[in-house]
Amino acid sequence: GRLRLAWGPAQRGTSGPAVFDVQSRSLHTVEDGLIRSRFVLHVDVLRTPVDRLDLSLPSEMAVRAVGGEGVSGSARSDDRTGLRIELGQPKRGRVTITLDGETPYEPASDVPMPRVLLPEAARLRGQVALRFADGVEAHDVRVAGGRRLASQPQKNAPPLLRYALARSEGGVFVDLLPGDLRLEASSTYYLNLTEPTKSLLAAITYRVRQGTAFELRPAFPRGYGLRSLTVNGQRAGFAFDQRSDGSLEVRLERGVPEGSEIALLATLEQPGVDWVPETGTVDVAFTLPSAGADREEGFLGIGADASFRVLDSSIEGLVAVGAAALTSRGVSPAGLVYGYRLDGDAPAVRLTVARRAPRLDATVVTWALPTPRRLTVHN
């Protein structure tokens with residue numbers, strides 16, 4: 001192998017710890033539920049060379065990229081509040097660090113814009129620029145430890161709001177209050193009449209037409225207990241509570257922005273052993289669930305055990321449809337008795353259920369075997 005040696009002037013400096021002078025610039029793009037940030041830090045290392053810099057940042061920020069002239073690597077601290085920047089070799093003079101990050105937020109007053117700092121800096125000067133995505137409701141901006149600068153015009157876009165900061169404990173805070181939420185829903189409900197329970201399957205696709213969705217509020221008939229629930233095919237990423245009146249509150253961990261869809265699938269049961277008498281009939285009054293959206297279109301399918309005879313004695317806010325309208329939405333035709341399309345407020349159906357009288361079919365074959373003294377008959 002070969003060994004190559006290179007010689008250069010030694011780093012000179014006075015004794016004592018390094019001194020840092022920091023100038024920072026940041027651009028924050030505020031979207032529905034998310035702040036995308038771009039940071040540029042110019043760190044002047046004075047007196048003693050260093051081979052690494054320890055930055056502080058919000059623990060909830062996701063770091064997407066780190067770079068800059070002279071930066072050889074980076075590592076996040078265990079508590080996620082620190083980021084160590086490796087410089088590869090001791091350096092004095094200017095070091096430039098770039099960082100891209102994403103920070104989630106919930107609409108509230110005084111939402112802080114993320115800051116990336118060098119806690120050991122002897123002096124800090126910073127500039128913050130803000131811009132807002134369409135649909136974001138920003139009601140006020142407050143600056144602490146700094147002042148507002150003249151806005152910066154942009155081509156075919158609103159001007160950037162700009163602020164100067166002179167202290168590490170300062171910051172820019174924005175009142176980000178939720179706008180009017182508008183949801184539309186496409187639903188498929190399936191009521192299955194069996195023993196020992198009556199079960200209900202609800203498949204609801206929400207479309208966020210305006211604002212950001214942080215929760216869903218479907219309502220189901222009283223007495224039906226929730227057995228399983230998924231959101232976008234997952235059992236995680238949300239919390240929920242079902243009240244005694246059947247209403248369900250689903251709280252999403254992350255807001256769903258305008259233009260997105262949310263798929264909710266719920267299975268519910270109403271226990272009732274021998275709820276159909278051996279003789280006679282029983283009435284089943286069923287009020288359809290509600291997606292809790294501003295506009296809902298959907299279908300209801302009713303299935304039953306083969307031993308039951310089911311008649312619909314009355315319907316409200318529903319229009320009868322053929323089986324094809326439901327099978328196109330994934331409903332199995334096996335056991336399907338009735339199909340309806342939602343067509344009005346508070347749709348409901350009343351059913352009359354009875355047990356089918358058992359009927360036996362038999363084929364009897366008789367043959368005779370005569371003998372001189374006896375006639376043998378077999379069935």
# chains A, B, ... in the order shown; residues from 1 in each chain; ligands from 1
call {"tool": "residues_around", "arguments": {"residues": "range 76-81 of chain A", "least_positions_apart": "3", "cutoff": "6 Å", "atoms": "only C-alpha atoms", "output": "list in words"}}
result
Ser56, Leu57, Pro58 and Ser59 of chain A
call {"tool": "select_by_dssp", "arguments": {"residues": "range 52-280 of chain A", "states": "strand (DSSP E or B)", "output": "VMD selection string"}}
result
chain A and resid 52 to 56 62 to 67 73 to 76 82 to 104 108 to 112 117 123 to 132 138 to 144 146 to 154 157 to 165 171 to 176 182 to 193 197 to 210 213 to 216 219 225 to 231 234 238 to 242 247 to 256 261 to 271
call {"tool": "atom_distance", "arguments": {"atom1": "CA of Gly303 in chain A", "atom2": "CA of Ala185 in chain A"}}
result
23.2 Å
call {"tool": "closest_atom_pairs", "arguments": {"of": "range 116-186 of chain A", "to": "range 96-108 of chain A", "cutoff": "10 Å", "atoms": "only C-alpha atoms", "output": "CSV"}}
result
residue,atom,partner,partner_atom,distance
A:Val116,CA,A:Leu99,CA,8.9
A:Val136,CA,A:Pro107,CA,9.7
A:Glu137,CA,A:Pro107,CA,9.0
A:Ala138,CA,A:Pro107,CA,9.6
A:Val174,CA,A:Ala108,CA,8.6
A:Asp175,CA,A:Ala108,CA,6.1
A:Leu176,CA,A:Pro107,CA,5.0
A:Leu177,CA,A:Pro107,CA,4.8
A:Pro178,CA,A:Pro107,CA,5.5
A:Gly179,CA,A:Pro107,CA,9.1
call {"tool": "residues_around", "arguments": {"residues": "range 42-49 of chain A", "least_positions_apart": "5", "cutoff": "12 Å", "atoms": "only C-alpha atoms", "output": "PyMOL selection string"}}
result
chain A and resi 10-26+54-55+68-71+85+87-99+116-127
call {"tool": "residues_around", "arguments": {"residues": "Gly339 in chain A", "least_positions_apart": "2", "cutoff": "8 Å", "atoms": "only C-alpha atoms", "output": "MDAnalysis selection string"}}
result
chainID A and resid 299:302 320:323 325:326 336:337 341
call {"tool": "write_last_selection", "arguments": {"atoms": "all heavy atoms", "output": "mmCIF file, in the first residue's frame"}}
result
data_model
loop_
_atom_site.group_PDB
_atom_site.id
_atom_site.type_symbol
_atom_site.label_atom_id
_atom_site.label_comp_id
_atom_site.auth_asym_id
_atom_site.auth_seq_id
_atom_site.Cartn_x
_atom_site.Cartn_y
_atom_site.Cartn_z
ATOM 1 N N PHE A 299 -75.408 3.862 1.338
ATOM 2 C CA PHE A 299 -76.337 2.757 1.141
ATOM 3 C C PHE A 299 -76.433 1.939 2.424
ATOM 4 O O PHE A 299 -75.514 1.925 3.255
ATOM 5 C CB PHE A 299 -75.862 1.855 -0.002
ATOM 6 C CG PHE A 299 -75.946 2.491 -1.360
ATOM 7 C CD1 PHE A 299 -74.918 3.298 -1.822
ATOM 8 C CD2 PHE A 299 -77.059 2.297 -2.176
ATOM 9 C CE1 PHE A 299 -74.977 3.892 -3.072
ATOM 10 C CE2 PHE A 299 -77.127 2.883 -3.430
ATOM 11 C CZ PHE A 299 -76.092 3.686 -3.869
ATOM 12 N N LEU A 300 -77.560 1.230 2.547
ATOM 13 C CA LEU A 300 -77.799 0.309 3.648
ATOM 14 C C LEU A 300 -78.164 -1.047 3.071
ATOM 15 O O LEU A 300 -79.034 -1.153 2.203
ATOM 16 C CB LEU A 300 -78.932 0.802 4.551
ATOM 17 C CG LEU A 300 -79.504 -0.220 5.544
ATOM 18 C CD1 LEU A 300 -78.469 -0.575 6.607
ATOM 19 C CD2 LEU A 300 -80.794 0.298 6.182
ATOM 20 N N GLY A 301 -77.477 -2.077 3.539
ATOM 21 C CA GLY A 301 -77.840 -3.443 3.201
ATOM 22 C C GLY A 301 -78.321 -4.165 4.442
ATOM 23 O O GLY A 301 -77.823 -3.934 5.542
ATOM 24 N N ILE A 302 -79.314 -5.031 4.281
ATOM 25 C CA ILE A 302 -79.834 -5.821 5.398
ATOM 26 C C ILE A 302 -79.725 -7.295 5.020
ATOM 27 O O ILE A 302 -80.234 -7.717 3.977
ATOM 28 C CB ILE A 302 -81.294 -5.446 5.727
ATOM 29 C CG1 ILE A 302 -81.365 -3.997 6.209
ATOM 30 C CG2 ILE A 302 -81.866 -6.393 6.778
ATOM 31 C CD1 ILE A 302 -82.759 -3.513 6.490
ATOM 32 N N ALA A 320 -85.466 2.020 -2.040
ATOM 33 C CA ALA A 320 -85.046 0.652 -2.296
ATOM 34 C C ALA A 320 -84.194 0.582 -3.561
ATOM 35 O O ALA A 320 -84.463 1.250 -4.562
ATOM 36 C CB ALA A 320 -86.267 -0.258 -2.426
ATOM 37 N N VAL A 321 -83.126 -0.235 -3.521
ATOM 38 C CA VAL A 321 -82.239 -0.428 -4.668
ATOM 39 C C VAL A 321 -81.990 -1.915 -4.836
ATOM 40 O O VAL A 321 -82.264 -2.722 -3.937
ATOM 41 C CB VAL A 321 -80.898 0.323 -4.485
ATOM 42 C CG1 VAL A 321 -81.120 1.822 -4.408
ATOM 43 C CG2 VAL A 321 -80.154 -0.185 -3.251
ATOM 44 N N GLY A 322 -81.466 -2.283 -5.995
ATOM 45 C CA GLY A 322 -81.136 -3.667 -6.260
ATOM 46 C C GLY A 322 -79.835 -4.072 -5.602
ATOM 47 O O GLY A 322 -79.057 -3.242 -5.122
ATOM 48 N N ALA A 323 -79.587 -5.379 -5.622
ATOM 49 C CA ALA A 323 -78.387 -5.906 -4.963
ATOM 50 C C ALA A 323 -77.108 -5.388 -5.607
ATOM 51 O O ALA A 323 -76.083 -5.237 -4.934
ATOM 52 C CB ALA A 323 -78.412 -7.435 -5.002
ATOM 53 N N ALA A 325 -76.254 -2.456 -6.495
ATOM 54 C CA ALA A 325 -75.782 -1.196 -5.909
ATOM 55 C C ALA A 325 -74.924 -1.442 -4.675
ATOM 56 O O ALA A 325 -74.020 -0.660 -4.361
ATOM 57 C CB ALA A 325 -76.969 -0.301 -5.564
ATOM 58 N N LEU A 326 -75.191 -2.563 -3.971
ATOM 59 C CA LEU A 326 -74.418 -2.869 -2.763
ATOM 60 C C LEU A 326 -73.222 -3.755 -3.059
ATOM 61 O O LEU A 326 -72.148 -3.578 -2.476
ATOM 62 C CB LEU A 326 -75.332 -3.544 -1.739
ATOM 63 C CG LEU A 326 -76.348 -2.583 -1.105
ATOM 64 C CD1 LEU A 326 -77.557 -3.331 -0.607
ATOM 65 C CD2 LEU A 326 -75.709 -1.800 0.018
ATOM 66 N N LEU A 336 -78.146 -11.441 1.639
ATOM 67 C CA LEU A 336 -78.680 -10.087 1.482
ATOM 68 C C LEU A 336 -80.187 -10.149 1.232
ATOM 69 O O LEU A 336 -80.659 -10.858 0.338
ATOM 70 C CB LEU A 336 -77.976 -9.391 0.320
ATOM 71 C CG LEU A 336 -78.345 -7.935 0.053
ATOM 72 C CD1 LEU A 336 -77.979 -7.072 1.253
ATOM 73 C CD2 LEU A 336 -77.641 -7.427 -1.201
ATOM 74 N N VAL A 337 -80.940 -9.406 2.043
ATOM 75 C CA VAL A 337 -82.399 -9.423 1.956
ATOM 76 C C VAL A 337 -82.918 -8.144 1.318
ATOM 77 O O VAL A 337 -83.748 -8.182 0.402
ATOM 78 C CB VAL A 337 -83.018 -9.609 3.350
ATOM 79 C CG1 VAL A 337 -84.540 -9.605 3.259
ATOM 80 C CG2 VAL A 337 -82.532 -10.909 3.977
ATOM 81 N N ARG A 341 -80.893 3.075 -0.586
ATOM 82 C CA ARG A 341 -80.031 4.246 -0.759
ATOM 83 C C ARG A 341 -80.524 5.352 0.159
ATOM 84 O O ARG A 341 -81.738 5.583 0.270
ATOM 85 C CB ARG A 341 -80.043 4.724 -2.213
ATOM 86 C CG ARG A 341 -79.280 6.038 -2.448
ATOM 87 C CD ARG A 341 -79.195 6.351 -3.936
ATOM 88 N NE ARG A 341 -80.488 6.381 -4.574
ATOM 89 C CZ ARG A 341 -81.325 7.430 -4.567
ATOM 90 N NH1 ARG A 341 -80.997 8.533 -3.899
ATOM 91 N NH2 ARG A 341 -82.484 7.368 -5.190
#
call {"tool": "closest_residue", "arguments": {"among": "A:Ala144, A:Ala202, A:Ala65, A:Leu351", "to": "Gly298 in chain A", "atoms": "only C-alpha atoms"}}
result
A:Ala202
call {"tool": "closest_residue", "arguments": {"among": "A:Ser307, A:Ser328, A:Phe132, A:Gly171", "to": "Arg147 in chain A", "atoms": "only C-alpha atoms"}}
result
A:Gly171
call {"tool": "residues_around", "arguments": {"residues": "Pro159 in chain A", "least_positions_apart": "4", "cutoff": "12 Å", "atoms": "only C-alpha atoms", "output": "mmCIF file with C-alpha atoms, in the first residue's frame"}}
result
data_model
loop_
_atom_site.group_PDB
_atom_site.id
_atom_site.type_symbol
_atom_site.label_atom_id
_atom_site.label_comp_id
_atom_site.auth_asym_id
_atom_site.auth_seq_id
_atom_site.Cartn_x
_atom_site.Cartn_y
_atom_site.Cartn_z
ATOM 1 C CA ALA A 129 -39.342 34.770 7.561
ATOM 2 C CA LEU A 130 -42.917 33.455 7.462
ATOM 3 C CA ARG A 131 -45.267 32.385 4.717
ATOM 4 C CA PHE A 132 -48.616 30.611 4.941
ATOM 5 C CA LEU A 149 -38.746 44.042 9.434
ATOM 6 C CA ALA A 150 -40.109 45.214 6.114
ATOM 7 C CA SER A 151 -41.968 42.510 4.199
ATOM 8 C CA GLN A 152 -40.208 40.895 1.271
ATOM 9 C CA PRO A 153 -42.222 40.844 -1.989
ATOM 10 C CA GLN A 154 -42.599 37.547 -3.862
ATOM 11 C CA LYS A 155 -43.631 36.946 -7.434
#
call {"tool": "residues_around", "arguments": {"residues": "Ser314 in chain A", "least_positions_apart": "6", "cutoff": "10 Å", "atoms": "only C-alpha atoms", "output": "ChimeraX atom specification"}}
result
/A:285,348-352
call {"tool": "write_last_selection", "arguments": {"atoms": "N, CA and C atoms", "output": "mmCIF file, in the first residue's frame"}}
result
data_model
loop_
_atom_site.group_PDB
_atom_site.id
_atom_site.type_symbol
_atom_site.label_atom_id
_atom_site.label_comp_id
_atom_site.auth_asym_id
_atom_site.auth_seq_id
_atom_site.Cartn_x
_atom_site.Cartn_y
_atom_site.Cartn_z
ATOM 1 N N ALA A 285 -86.844 -1.956 15.025
ATOM 2 C CA ALA A 285 -86.768 -0.560 14.569
ATOM 3 C C ALA A 285 -85.291 -0.178 14.494
ATOM 4 N N ALA A 348 -84.567 5.671 8.462
ATOM 5 C CA ALA A 348 -84.854 4.584 9.398
ATOM 6 C C ALA A 348 -85.684 3.531 8.679
ATOM 7 N N VAL A 349 -85.659 2.340 9.226
ATOM 8 C CA VAL A 349 -86.443 1.238 8.679
ATOM 9 C C VAL A 349 -86.986 0.410 9.837
ATOM 10 N N ARG A 350 -88.212 -0.088 9.666
ATOM 11 C CA ARG A 350 -88.807 -0.989 10.657
ATOM 12 C C ARG A 350 -89.003 -2.346 9.986
ATOM 13 N N LEU A 351 -88.479 -3.373 10.640
ATOM 14 C CA LEU A 351 -88.507 -4.710 10.078
ATOM 15 C C LEU A 351 -89.354 -5.632 10.942
ATOM 16 N N THR A 352 -90.012 -6.578 10.304
ATOM 17 C CA THR A 352 -90.741 -7.632 11.007
ATOM 18 C C THR A 352 -90.027 -8.953 10.745
#
call {"tool": "closest_residue", "arguments": {"among": "A:Lys198, A:Arg209, A:Arg84, A:Arg355", "to": "Glu278 in chain A", "atoms": "only C-alpha atoms"}}
result
A:Arg355
call {"tool": "residues_around", "arguments": {"residues": "Glu31 in chain A", "least_positions_apart": "5", "cutoff": "9 Å", "atoms": "only C-alpha atoms", "output": "NGL selection string"}}
result
:A and (36 or 132-136 or 257)
call {"tool": "closest_residue", "arguments": {"among": "A:Val111, A:Ala368, A:Ala306, A:Ala219", "to": "Arg356 in chain A", "atoms": "only C-alpha atoms"}}
result
A:Ala306
call {"tool": "closest_residue", "arguments": {"among": "A:Ala293, A:Leu288, A:Val364, A:Leu252", "to": "Leu342 in chain A", "atoms": "only C-alpha atoms"}}
result
A:Leu288
call {"tool": "closest_residue", "arguments": {"among": "A:Ser332, A:Leu248, A:Leu83, A:Leu229", "to": "Leu216 in chain A", "atoms": "only C-alpha atoms"}}
result
A:Leu248
call {"tool": "atom_distance", "arguments": {"atom1": "CA of Phe214 in chain A", "atom2": "CA of Ser247 in chain A"}}
result
16.7 Å
